[in-house]
Structure formats: structure tokens, C-alpha cells
Protein chains: 2
Amino acid sequence: MIGAGQLARMTHQAAVDLDVELTVMAQADTDPAVRAGARYRIGSHADPAAVSAVAALGDVVTFDHELVPAAVLARLEGAGVVLRPGRRALGFAQDKLAARADFRAAGFAVPAYAPVRAPGEVTDFAAEHGWPVVVKARSGGYDGRGVMVVAGPADIPPDVGSTEAGGEPAGPAWLVEEYVDLVAELAVVVARRPSGAGVVYPIIETTQVDGICRHLVTPAATVGPAVAAEAMRLGTAVADHIGAVGICAVELFVAAGGRLLVNEVAVRPHNSGHATIEANRTSQFHQHLRAVLDWPLGPTDPVAPAAAMVNLIGTADCADPSHNLPTALRVSGAHVHLYGKESRPGRKIGHVTALAATTAEALDVATRAVAALLTP
Amino acid sequence: MIGAGQLARMTHQAAVDLDVELTVMAQADTDPAVRAGARYRIGSHADPAAVSAVAALGDVVTFDHELVPAAVLARLEGAGVVLRPGRRALGFAQDKLAARADFRAAGFAVPAYAPVRAPGEVTDFAAEHGWPVVVKARSGGYDGRGVMVVAGPADIPPDVGSTEAGGEPAGPAWLVEEYVDLVAELAVVVARRPSGAGVVYPIIETTQVDGICRHLVTPAATVGPAVAAEAMRLGTAVADHIGAVGICAVELFVAAGGRLLVNEVAVRPHNSGHATIEANRTSQFHQHLRAVLDWPLGPTDPVAPAAAMVNLIGTADCADPSHNLPTALRVSGAHVHLYGKESRPGRKIGHVTALAATTAEALDVATRAVAALLTP
């Protein structure tokens, strides 16, 4: 597995159950998966030789992130390395502009968008679609980084469009898209084998603040069963379209009237699937291993009527939430996951899941435990 | 944690969730917990200096087995090391003769028994209680080793009673006890903090073959709710009596008429609690860590109406069950746990848990997956 963050950490825990020999490629020996005891090699995911050396250790290469450059992926595929997911699927997560264009061409509804080569193109787009607009980095953004809501011409950052991507993808480094008035955001988590056989998890409703996922509930609290079913169908179709292998998370916008738009995809275990560890009969991490190894997938049924997950996001005044564990664990039914990461403001350093009779109750439990963990 | 077997392996997985810094004392770097990535030191649990050195690494010492000699435990306690459980509680698991005597004196019903110093004492006991009888090693036995059912005088092994325990415990090395005509065997899994605050898991019914646990179901299939409730009360009282800290598993015999007898205790995570990983809101491994660290305990409620766990026990003709994973995972709902141990006949090398609407259905799922794993 290329990358050794919290996704690799939780994948390692699942690999122990199945006695799968997992080696992670880490940037440092303090990375979350390394601290959890995964075998590791230190190296840069952008260094072709280093990635090739790690790839040679196993039968299958999979990913904790989508940052391996396309050229490195091409070289690996050319050398016969089995990438799961493959380069094409990874491309949908790496290049938001190309993904939007491909999805639109394939008939999937997406927000209106345009490439941006100069600040004036943002103004042109807004003239057609109205203010505010959303300006996004074409690649590399995550957790709200690289995404800006621009209220009017005066707010356009002067450097938008000025950066022509020097490396890859070639072409403009930014895009602008309509600001969708959201009813809700949904995530569809799919697991898919190389043959295309797949399973889908029950619908997940996520809540973002400043572009970073704060919490999720399942089943969806805001949308009805018809929209939920349509979202699951759409998410599965997107995963099929991109040829994902392993976990694929499809993020959907729900606009007025229940209209669904494809926002982004991730082709790896995803934050929106964290509750599956406790809330579903097979966790996304077990499922990812099973899918990339081309083993039969497990059932995705929920084990409780409702679940919620709240991310533990570092704050300026709480240095180490593990000191608060005794207080947080007083919240009955809170499943605490700490990633072994140094706390920094805005950084995801853990999460808490709770199961309950209702999503409101589950969210209350998880929220209280997170509040306890973040107490200065 | 002293010991690095499968119990330490699964404790390590739970420690990752809570970012608890766990170091295990292993006999070899191929031990299951080491293979799962736990930090480790190699050493013998019987070597006082080696155990002291490991103890110095942490705030609390706990155990994957009960094999640390009492003299070593006494030395650690004398040096101010925090043992959880402590020496007294461990003694109940280490010395079956002393445990029987103590339980009887405390008013807990136990099978009739007597110490054995010579084969003739087995005959004397049988004259009073009838044949067959059970002859047991006073200490060190597990998974059926050190336990014999003796049908009549001709079957008494000639060396029984001949071994006077040279080290500890002092006195006879064997005991004889009545052969209880069992209706069922139950396990009561309790988690207990140093203060005595504790929680108990729903009753577990175990099935042994040749003294080794083959499978379990929960709730109990054979006994009714009144006996189950009485068993949970009794198990909790036993855990309190011995002053257990961490997980304590109390094994009970159910004799004719629902009469409950205390058989043995374990003061560590226990095979009878393995289904708690998926079947209960807090696993015994998380609970053990929380209890020995004196943190609040979690809820023990089941997440499904019924669960079953079947041990994966090595056979002569199946070398490596991991080759059969793709077949075993076709059994929908089978939660496979492999311990990374070399397969040997009679050795516990993994287990499979299943949740279902009924214990029969859960047992069927888990049994089918185990059969697939053991296919030559």
C-alpha cells in the first residue's frame, strides 16, 4: 500500500485479521500505519525507483492516497505491476477537471464548470451561472485545501489561473464551478473486484464545514428512501464507469428537488466509510483488501438501525486528545479511534463512531465523545 | 503484556484504536502478536530479570497467559510494579487445586475433588464418587492437555501422583474430581477495573471436544434465561471474589437440573470471548485494555440476536488455511481471524465468528467457513 496514513493504519488492522502480508510505503516512521505496526519502507510516492522497489514486495499494489504521479503509475503498469485500482481509475481522483469532463460526456450529471486560465474566466463563468462560484485546484486538494467559495469579482484570488500546471496534468491548474445550493451531501461507498463484481454500502450523509468532513450519519437523515436508492444506483454506476477496484467512494451533491450531481470520487478507503468498522457487517478496510486481492466481498448490511461518525479534528488549544480518553470513554457506546498523529489545527487525528436507534442519538453520542477528547 | 500469542495479537489491534502504547513480551519474533506489528521484547516469562525489564517499559503489566511463576509475580509486586490482574487473581488460574479449595471455602459450588499423591487416591475417590473420574494436572494444563477422563482402576496412568511438584505450587501435582454429567458448559466473561467496577457480557455457551473449545454460541442455546441469569450472577461473584482486573472468564458446568458448578477461571482475554469482537458493542480486547488502564468500560450489549464462534484448529492434512481464504470468504457473513501461526494438529490457529438471527444459523455459517479453511 502506497501511503501510511490513517487509512493504511486501519487497513493494517484488517490485514491482521486475514493474515494478509501488508507492507506500507511511508514518508516517515512516525506515520500512523507504521506506529500501528505495519511493515514499512520509507520513500517518496513520487520517486519511481522507490515505488517500484515497494511494488516488488507484493503481488498487488494499492493506495492510501491518490498522490502517485500518473507518470509513475504508467511506468509501474508498463512493468507489469498489478495496480488496484489501476491508473485510469486513479486518474478520476487525481484530475478534477478531466473527471468532470468525462462524467459529463458519459451522461452523469455534474455541477456546471469551466477550466480557468486567468481570473477573468472566473468572472465570465459567473456572468452565466451567477455568484458565488467555487474555484478549485485541479489536483492535489483535500480536506478543503484547494477549494474556495468566491462571492464576487473582488474576491477572486489574483493567482487563480496564473499557475499553468508545469507537470501533470497538462493544461490549466484550476477550474471554476457553480455554487450548488445543497440540500445535503451523500457518499456512496462501493467495493469492487477486478471482475467488476461489487457491493455497495447503505447511503451515508456527510456534513462538511470549510470543505472538511465534520461528521456523517447513516442512513441519510435529510433525504428520503427514493433519493437514497437513486444515489446508491448512481454511485455504483460511477464506480463501474471508472473501473474502480477496491473501495470507491462517490461523493454526491443533493440539490433542490432531490437532484443528484456527481461531485468527486476517491478510489481507496475513505473517511465517509469509517463508520463501517462498527456499523456494518464488513468494514471498508476488510472489503478493500478482499477486493484488491480479488477475494469474495462481504455483506454490507448495517448491524444497528443508525450510526454516526464524528471526525476528531485538531484544535489550537488541545495538544493531545489521548489524555482525555478516560473522560471520552465515559460516553457509553463511543467507539474511539485515534490515529497516533500529532495534533495540529484542522488536521484529522481520529474519529468516533456510535451506533444507536436513531441517527440523532448516534450523532449525539459521538459528538459528546469528540468534545471530551478535545477538551483543553 | 507478558506473552505474544493470539490474545496479545487481538489486544494489539484494539490498542491501535486507542493509540495505547503496548509492548508484548514474546518468545520469538514469529509469535502472533509480533507478526501483527506489536512492539516486542524477546524473553522468557519465567526469567525474573527479563520480565522486570519489560515491566519497566510501561505503567501497567498485563498478561496473555497465566504462566509467569508466582515467585516472579511476587518479586514484581515487591518492586512496586503494577500487575493487572495481580498475583492473587492470577493464582486462581495457575493452581487448580488451590482454586477449588478456595472456591469451596467461599461457598461457591464446585465439583467434588481431592488432591492426588498416589494412584491409590484416585481409586479411593472413585469408591466414594463413582467412576469415571477426571484426573487433572494441578497447573500448566490448557486446551485439554493435562486433563484425563479415567473410566476405571485399570486406566489410571501409573505416573499420576508420582510427580510431587518440586517447584511451585508446593504439594501434590495432580487432583481428581467427579465426572460431572454435563447439560452444558457456560462461560461468563467479566471486565473489571481495579476499583471493582465491572461489566458482564451476555452468557456464552461453549462446546468442548477432547478438552479443547470447538465452538461457542451466544445467547446460550441449551439453558433457559433463569439459568443464564444465575450463571451471569455467579460468574460476576467469582470475578469479584478473586479480585480480577481486566477480563476474567469464568467457566461453569451446568449439571442436571440446571445446577451450576464453578470449573475454572482465566484472568485475561479468553477464547470464550472472541465473538465479542463483532457480536458485542465493546470487544473483550478493548475492554481488557480499558479495565487494566482503569478507564471507563464499554457497553456489552449484543449487536445481533445471536452469534457463534468456531475455532480453527490445525489438522494433519491442512498445512496453511490462508490458501483457502477465497473459498472461505464466499460464506457470507463469516468473520475470519487468522493468527499467523504455523498449523499443527490440535493447535488453535484462528477462529471464525458469524452473527445471525439464531444461534443455529450463526453456527452453520461459521462452521462452513471453518470447513472451507481446513480443506486440504
# chains A, B, ... in the order shown; residues from 1 in each chain; ligands from 1
>>> interface_residues(of="chain B", to="chain A", cutoff="9 Å", atoms="only C-alpha atoms", output="ChimeraX atom specification")
/B:9-10,12-20,34-39,278,281-282,290,294-299,303-304,322,325-340,355
>>> residues_around(residues="Ile156 (chain A)", least_positions_apart="5", cutoff="8 Å", atoms="only C-alpha atoms", output="PyMOL selection string")
chain A and resi 119+122+150
>>> residues_around(residues="region 246-250 of chain A", least_positions_apart="4", cutoff="8 Å", atoms="only C-alpha atoms", output="PyMOL selection string")
chain A and resi 84-85+187-193+235+238-239+262-270+272-273+284+287-292
>>> write_last_selection(atoms="C-alpha atoms", output="PDB file, in the first residue's frame")
ATOM      1  CA  ARG A  84      -5.530  -1.975  -7.821  1.00  0.00           C
ATOM      2  CA  PRO A  85      -7.113   0.384  -8.556  1.00  0.00           C
ATOM      3  CA  ALA A 187     -21.354   9.464  -0.034  1.00  0.00           C
ATOM      4  CA  VAL A 188     -21.770   6.139  -1.769  1.00  0.00           C
ATOM      5  CA  VAL A 189     -19.142   3.631  -0.728  1.00  0.00           C
ATOM      6  CA  VAL A 190     -18.698   0.788  -3.185  1.00  0.00           C
ATOM      7  CA  ALA A 191     -16.312  -2.164  -3.088  1.00  0.00           C
ATOM      8  CA  ARG A 192     -15.419  -3.602  -6.455  1.00  0.00           C
ATOM      9  CA  ARG A 193     -13.381  -6.602  -7.575  1.00  0.00           C
ATOM     10  CA  GLY A 235     -22.688   5.787  -7.078  1.00  0.00           C
ATOM     11  CA  VAL A 238     -19.913   5.812 -11.378  1.00  0.00           C
ATOM     12  CA  ALA A 239     -17.677   3.193  -9.738  1.00  0.00           C
ATOM     13  CA  VAL A 262     -21.599  13.781  -9.027  1.00  0.00           C
ATOM     14  CA  ASN A 263     -19.021  15.788  -7.116  1.00  0.00           C
ATOM     15  CA  GLU A 264     -15.834  13.791  -6.593  1.00  0.00           C
ATOM     16  CA  VAL A 265     -14.594  10.250  -6.337  1.00  0.00           C
ATOM     17  CA  ALA A 266     -11.956   8.605  -4.170  1.00  0.00           C
ATOM     18  CA  VAL A 267     -10.579   5.209  -5.163  1.00  0.00           C
ATOM     19  CA  ARG A 268      -9.345   3.994  -1.771  1.00  0.00           C
ATOM     20  CA  PRO A 269     -10.822   3.557   1.698  1.00  0.00           C
ATOM     21  CA  HIS A 270     -12.446   6.861   2.518  1.00  0.00           C
ATOM     22  CA  SER A 272     -17.049   8.548   4.633  1.00  0.00           C
ATOM     23  CA  GLY A 273     -16.680   4.791   5.190  1.00  0.00           C
ATOM     24  CA  GLN A 284     -14.488  -0.910   4.309  1.00  0.00           C
ATOM     25  CA  GLN A 287     -13.569  -5.035   1.992  1.00  0.00           C
ATOM     26  CA  HIS A 288     -10.747  -3.083   0.343  1.00  0.00           C
ATOM     27  CA  LEU A 289      -8.281  -5.903   0.991  1.00  0.00           C
ATOM     28  CA  ARG A 290     -10.725  -8.510  -0.237  1.00  0.00           C
ATOM     29  CA  ALA A 291     -11.483  -6.516  -3.373  1.00  0.00           C
ATOM     30  CA  VAL A 292      -7.881  -5.753  -4.358  1.00  0.00           C
TER      31      VAL A 292
END
>>> select_by_dssp(residues="region 292-327 of chain A", states="alpha helix (DSSP H)", output="ChimeraX atom specification")
/A:292,325-327
>>> write_last_selection(atoms="N, CA and C atoms", output="PDB file, in the first residue's frame")
ATOM      1  N   VAL A 292      -9.125  -5.886  -3.582  1.00  0.00           N
ATOM      2  CA  VAL A 292      -7.881  -5.753  -4.358  1.00  0.00           C
ATOM      3  C   VAL A 292      -7.174  -7.102  -4.489  1.00  0.00           C
ATOM      4  N   LEU A 325      -8.835  10.459  27.048  1.00  0.00           N
ATOM      5  CA  LEU A 325      -9.537   9.187  26.814  1.00  0.00           C
ATOM      6  C   LEU A 325     -10.402   8.752  28.003  1.00  0.00           C
ATOM      7  N   PRO A 326      -9.888   8.828  29.226  1.00  0.00           N
ATOM      8  CA  PRO A 326     -10.733   8.366  30.333  1.00  0.00           C
ATOM      9  C   PRO A 326     -12.057   9.115  30.417  1.00  0.00           C
ATOM     10  N   THR A 327     -12.059  10.382  30.063  1.00  0.00           N
ATOM     11  CA  THR A 327     -13.313  11.138  30.067  1.00  0.00           C
ATOM     12  C   THR A 327     -14.174  10.767  28.871  1.00  0.00           C
TER      13      THR A 327
END
>>> residues_around(residues="Pro111 (chain B)", least_positions_apart="6", cutoff="10 Å", atoms="only C-alpha atoms", output="ChimeraX atom specification")
/B:100,104,176-180,253,255,260-263
>>> write_last_selection(atoms="C-alpha atoms", output="PDB file, in the first residue's frame")
ATOM      1  CA  ARG B 100     -11.046 -25.414  44.079  1.00  0.00           C
ATOM      2  CA  ARG B 104     -15.428 -24.296  48.143  1.00  0.00           C
ATOM      3  CA  VAL B 176      -9.022 -35.956  40.900  1.00  0.00           C
ATOM      4  CA  GLU B 177     -12.590 -34.787  40.561  1.00  0.00           C
ATOM      5  CA  GLU B 178     -16.029 -36.129  39.919  1.00  0.00           C
ATOM      6  CA  TYR B 179     -17.067 -36.610  36.316  1.00  0.00           C
ATOM      7  CA  VAL B 180     -19.968 -34.196  36.045  1.00  0.00           C
ATOM      8  CA  PHE B 253     -20.569 -26.567  34.368  1.00  0.00           C
ATOM      9  CA  ALA B 255     -25.291 -30.226  35.735  1.00  0.00           C
ATOM     10  CA  LEU B 260     -24.155 -24.610  38.332  1.00  0.00           C
ATOM     11  CA  LEU B 261     -20.625 -25.556  39.338  1.00  0.00           C
ATOM     12  CA  VAL B 262     -17.562 -23.350  39.032  1.00  0.00           C
ATOM     13  CA  ASN B 263     -14.999 -25.111  36.884  1.00  0.00           C
TER      14      ASN B 263
END
>>> select_by_dssp(residues="region 87-207 of chain A", states="strand (DSSP E)", output="JSON list (two decimals) with N, CA and C atoms, in the first residue's frame")
[["chain", "number", "residue", "atom", "x", "y", "z"],
["A", 113, "TYR", "N", -19.27, 23.73, -14.88],
["A", 113, "TYR", "CA", -17.87, 24.04, -14.55],
["A", 113, "TYR", "C", -17.17, 24.56, -15.79],
["A", 114, "ALA", "N", -15.99, 25.09, -15.58],
["A", 114, "ALA", "CA", -15.15, 25.51, -16.71],
["A", 114, "ALA", "C", -13.70, 25.55, -16.23],
["A", 115, "PRO", "N", -12.78, 25.29, -17.13],
["A", 115, "PRO", "CA", -11.37, 25.45, -16.77],
["A", 115, "PRO", "C", -11.05, 26.94, -16.60],
["A", 116, "VAL", "N", -10.06, 27.23, -15.79],
["A", 116, "VAL", "CA", -9.68, 28.62, -15.53],
["A", 116, "VAL", "C", -8.20, 28.80, -15.86],
["A", 133, "VAL", "N", -19.31, 31.56, -6.86],
["A", 133, "VAL", "CA", -18.83, 30.39, -7.61],
["A", 133, "VAL", "C", -17.79, 29.69, -6.73],
["A", 134, "VAL", "N", -17.45, 28.49, -7.14],
["A", 134, "VAL", "CA", -16.43, 27.73, -6.41],
["A", 134, "VAL", "C", -15.21, 27.59, -7.31],
["A", 135, "VAL", "N", -14.07, 27.99, -6.80],
["A", 135, "VAL", "CA", -12.82, 27.83, -7.54],
["A", 135, "VAL", "C", -12.02, 26.73, -6.87],
["A", 136, "LYS", "N", -11.53, 25.80, -7.69],
["A", 136, "LYS", "CA", -10.87, 24.60, -7.16],
["A", 136, "LYS", "C", -9.55, 24.37, -7.86],
["A", 137, "ALA", "N", -8.58, 23.90, -7.11],
["A", 137, "ALA", "CA", -7.36, 23.38, -7.73],
["A", 137, "ALA", "C", -7.73, 22.10, -8.47],
["A", 147, "VAL", "N", -9.84, 24.58, -2.35],
["A", 147, "VAL", "CA", -11.23, 24.89, -2.73],
["A", 147, "VAL", "C", -11.61, 26.23, -2.11],
["A", 148, "MET", "N", -12.13, 27.13, -2.91],
["A", 148, "MET", "CA", -12.53, 28.45, -2.40],
["A", 148, "MET", "C", -13.92, 28.80, -2.90],
["A", 149, "VAL", "N", -14.74, 29.33, -2.02],
["A", 149, "VAL", "CA", -16.00, 29.91, -2.46],
["A", 149, "VAL", "C", -15.74, 31.40, -2.71],
["A", 150, "VAL", "N", -16.04, 31.83, -3.91],
["A", 150, "VAL", "CA", -15.73, 33.22, -4.31],
["A", 150, "VAL", "C", -17.06, 33.96, -4.48],
["A", 164, "GLU", "N", 0.04, 27.89, -14.54],
["A", 164, "GLU", "CA", -0.15, 26.86, -15.55],
["A", 164, "GLU", "C", 0.54, 25.62, -15.00],
["A", 165, "ALA", "N", -0.18, 24.51, -14.94],
["A", 165, "ALA", "CA", 0.44, 23.31, -14.38],
["A", 165, "ALA", "C", 1.66, 22.95, -15.22],
["A", 171, "GLY", "N", -2.07, 21.57, -18.90],
["A", 171, "GLY", "CA", -3.21, 22.44, -19.07],
["A", 171, "GLY", "C", -3.48, 23.26, -17.83],
["A", 172, "PRO", "N", -4.67, 23.87, -17.76],
["A", 172, "PRO", "CA", -4.98, 24.77, -16.66],
["A", 172, "PRO", "C", -4.94, 24.04, -15.32],
["A", 174, "TRP", "N", -6.57, 25.10, -12.59],
["A", 174, "TRP", "CA", -7.75, 25.47, -11.80],
["A", 174, "TRP", "C", -9.03, 25.23, -12.60],
["A", 175, "LEU", "N", -10.12, 25.09, -11.85],
["A", 175, "LEU", "CA", -11.43, 25.12, -12.50],
["A", 175, "LEU", "C", -12.38, 25.92, -11.64],
["A", 176, "VAL", "N", -13.43, 26.40, -12.30],
["A", 176, "VAL", "CA", -14.48, 27.13, -11.58],
["A", 176, "VAL", "C", -15.77, 26.35, -11.78],
["A", 177, "GLU", "N", -16.59, 26.32, -10.75],
["A", 177, "GLU", "CA", -17.87, 25.62, -10.93],
["A", 177, "GLU", "C", -18.98, 26.35, -10.20],
["A", 178, "GLU", "N", -20.19, 26.00, -10.58],
["A", 178, "GLU", "CA", -21.35, 26.65, -9.95],
["A", 178, "GLU", "C", -21.38, 26.31, -8.46],
["A", 184, "ALA", "N", -28.19, 18.46, 0.72],
["A", 184, "ALA", "CA", -27.39, 17.50, 1.51],
["A", 184, "ALA", "C", -26.21, 17.06, 0.66],
["A", 185, "GLU", "N", -25.23, 16.44, 1.31],
["A", 185, "GLU", "CA", -24.16, 15.75, 0.60],
["A", 185, "GLU", "C", -24.22, 14.28, 1.00],
["A", 186, "LEU", "N", -24.08, 13.44, 0.01],
["A", 186, "LEU", "CA", -24.14, 11.99, 0.24],
["A", 186, "LEU", "C", -22.83, 11.36, -0.20],
["A", 187, "ALA", "N", -22.48, 10.26, 0.43],
["A", 187, "ALA", "CA", -21.35, 9.46, -0.03],
["A", 187, "ALA", "C", -21.85, 8.05, -0.29],
["A", 188, "VAL", "N", -21.45, 7.52, -1.43],
["A", 188, "VAL", "CA", -21.77, 6.14, -1.77],
["A", 188, "VAL", "C", -20.45, 5.37, -1.75],
["A", 189, "VAL", "N", -20.37, 4.42, -0.86],
["A", 189, "VAL", "CA", -19.14, 3.63, -0.73],
["A", 189, "VAL", "C", -19.38, 2.27, -1.39],
["A", 190, "VAL", "N", -18.57, 2.00, -2.38],
["A", 190, "VAL", "CA", -18.70, 0.79, -3.18],
["A", 190, "VAL", "C", -17.40, -0.01, -3.04],
["A", 191, "ALA", "N", -17.51, -1.32, -3.00],
["A", 191, "ALA", "CA", -16.31, -2.16, -3.09],
["A", 191, "ALA", "C", -16.43, -2.97, -4.37],
["A", 192, "ARG", "N", -15.33, -3.05, -5.10],
["A", 192, "ARG", "CA", -15.42, -3.60, -6.45],
["A", 192, "ARG", "C", -14.20, -4.47, -6.74],
["A", 198, "GLY", "N", -19.34, -6.26, -7.43],
["A", 198, "GLY", "CA", -19.21, -5.27, -6.37],
["A", 198, "GLY", "C", -20.34, -5.31, -5.37],
["A", 199, "VAL", "N", -20.15, -4.59, -4.30],
["A", 199, "VAL", "CA", -21.19, -4.40, -3.29],
["A", 199, "VAL", "C", -21.21, -2.92, -2.95],
["A", 200, "VAL", "N", -22.36, -2.47, -2.45],
["A", 200, "VAL", "CA", -22.48, -1.05, -2.09],
["A", 200, "VAL", "C", -22.98, -0.98, -0.65],
["A", 204, "ILE", "N", -24.75, 7.10, 2.96],
["A", 204, "ILE", "CA", -24.10, 7.86, 4.04],
["A", 204, "ILE", "C", -24.32, 9.33, 3.74],
["A", 205, "GLU", "N", -24.75, 10.08, 4.74],
["A", 205, "GLU", "CA", -24.90, 11.53, 4.58],
["A", 205, "GLU", "C", -23.77, 12.22, 5.33],
["A", 206, "THR", "N", -23.03, 13.05, 4.62],
["A", 206, "THR", "CA", -21.87, 13.70, 5.23],
["A", 206, "THR", "C", -22.15, 15.19, 5.43],
["A", 207, "THR", "N", -21.48, 15.77, 6.41],
["A", 207, "THR", "CA", -21.59, 17.21, 6.66],
["A", 207, "THR", "C", -20.19, 17.78, 6.66]]
>>> atom_distance(atom1="CA of Val68 (chain A)", atom2="CA of Met309 (chain A)")
28.6 Å
>>> atom_distance(atom1="CA of Ala112 (chain A)", atom2="CA of Asp181 (chain A)")
12.7 Å
>>> closest_residue(among="B:Arg145, B:Pro305, B:Thr375, B:Val365", to="His323 (chain B)", atoms="only C-alpha atoms")
B:Thr375
>>> atom_distance(atom1="CA of Ala173 (chain B)", atom2="CA of Arg117 (chain B)")
7.6 Å
>>> residues_around(residues="Arg88 (chain B)", least_positions_apart="5", cutoff="9 Å", atoms="only C-alpha atoms", output="compact mmCIF listing (two decimals) with C-alpha atoms, in the first residue's frame")
# COMPACT_ATOMS: atom_id res chain seq x y z
CA ILE B 242 -10.78 -13.39 43.14
CA GLY B 243 -10.25 -9.66 42.67
CA ALA B 244 -9.77 -9.92 38.92
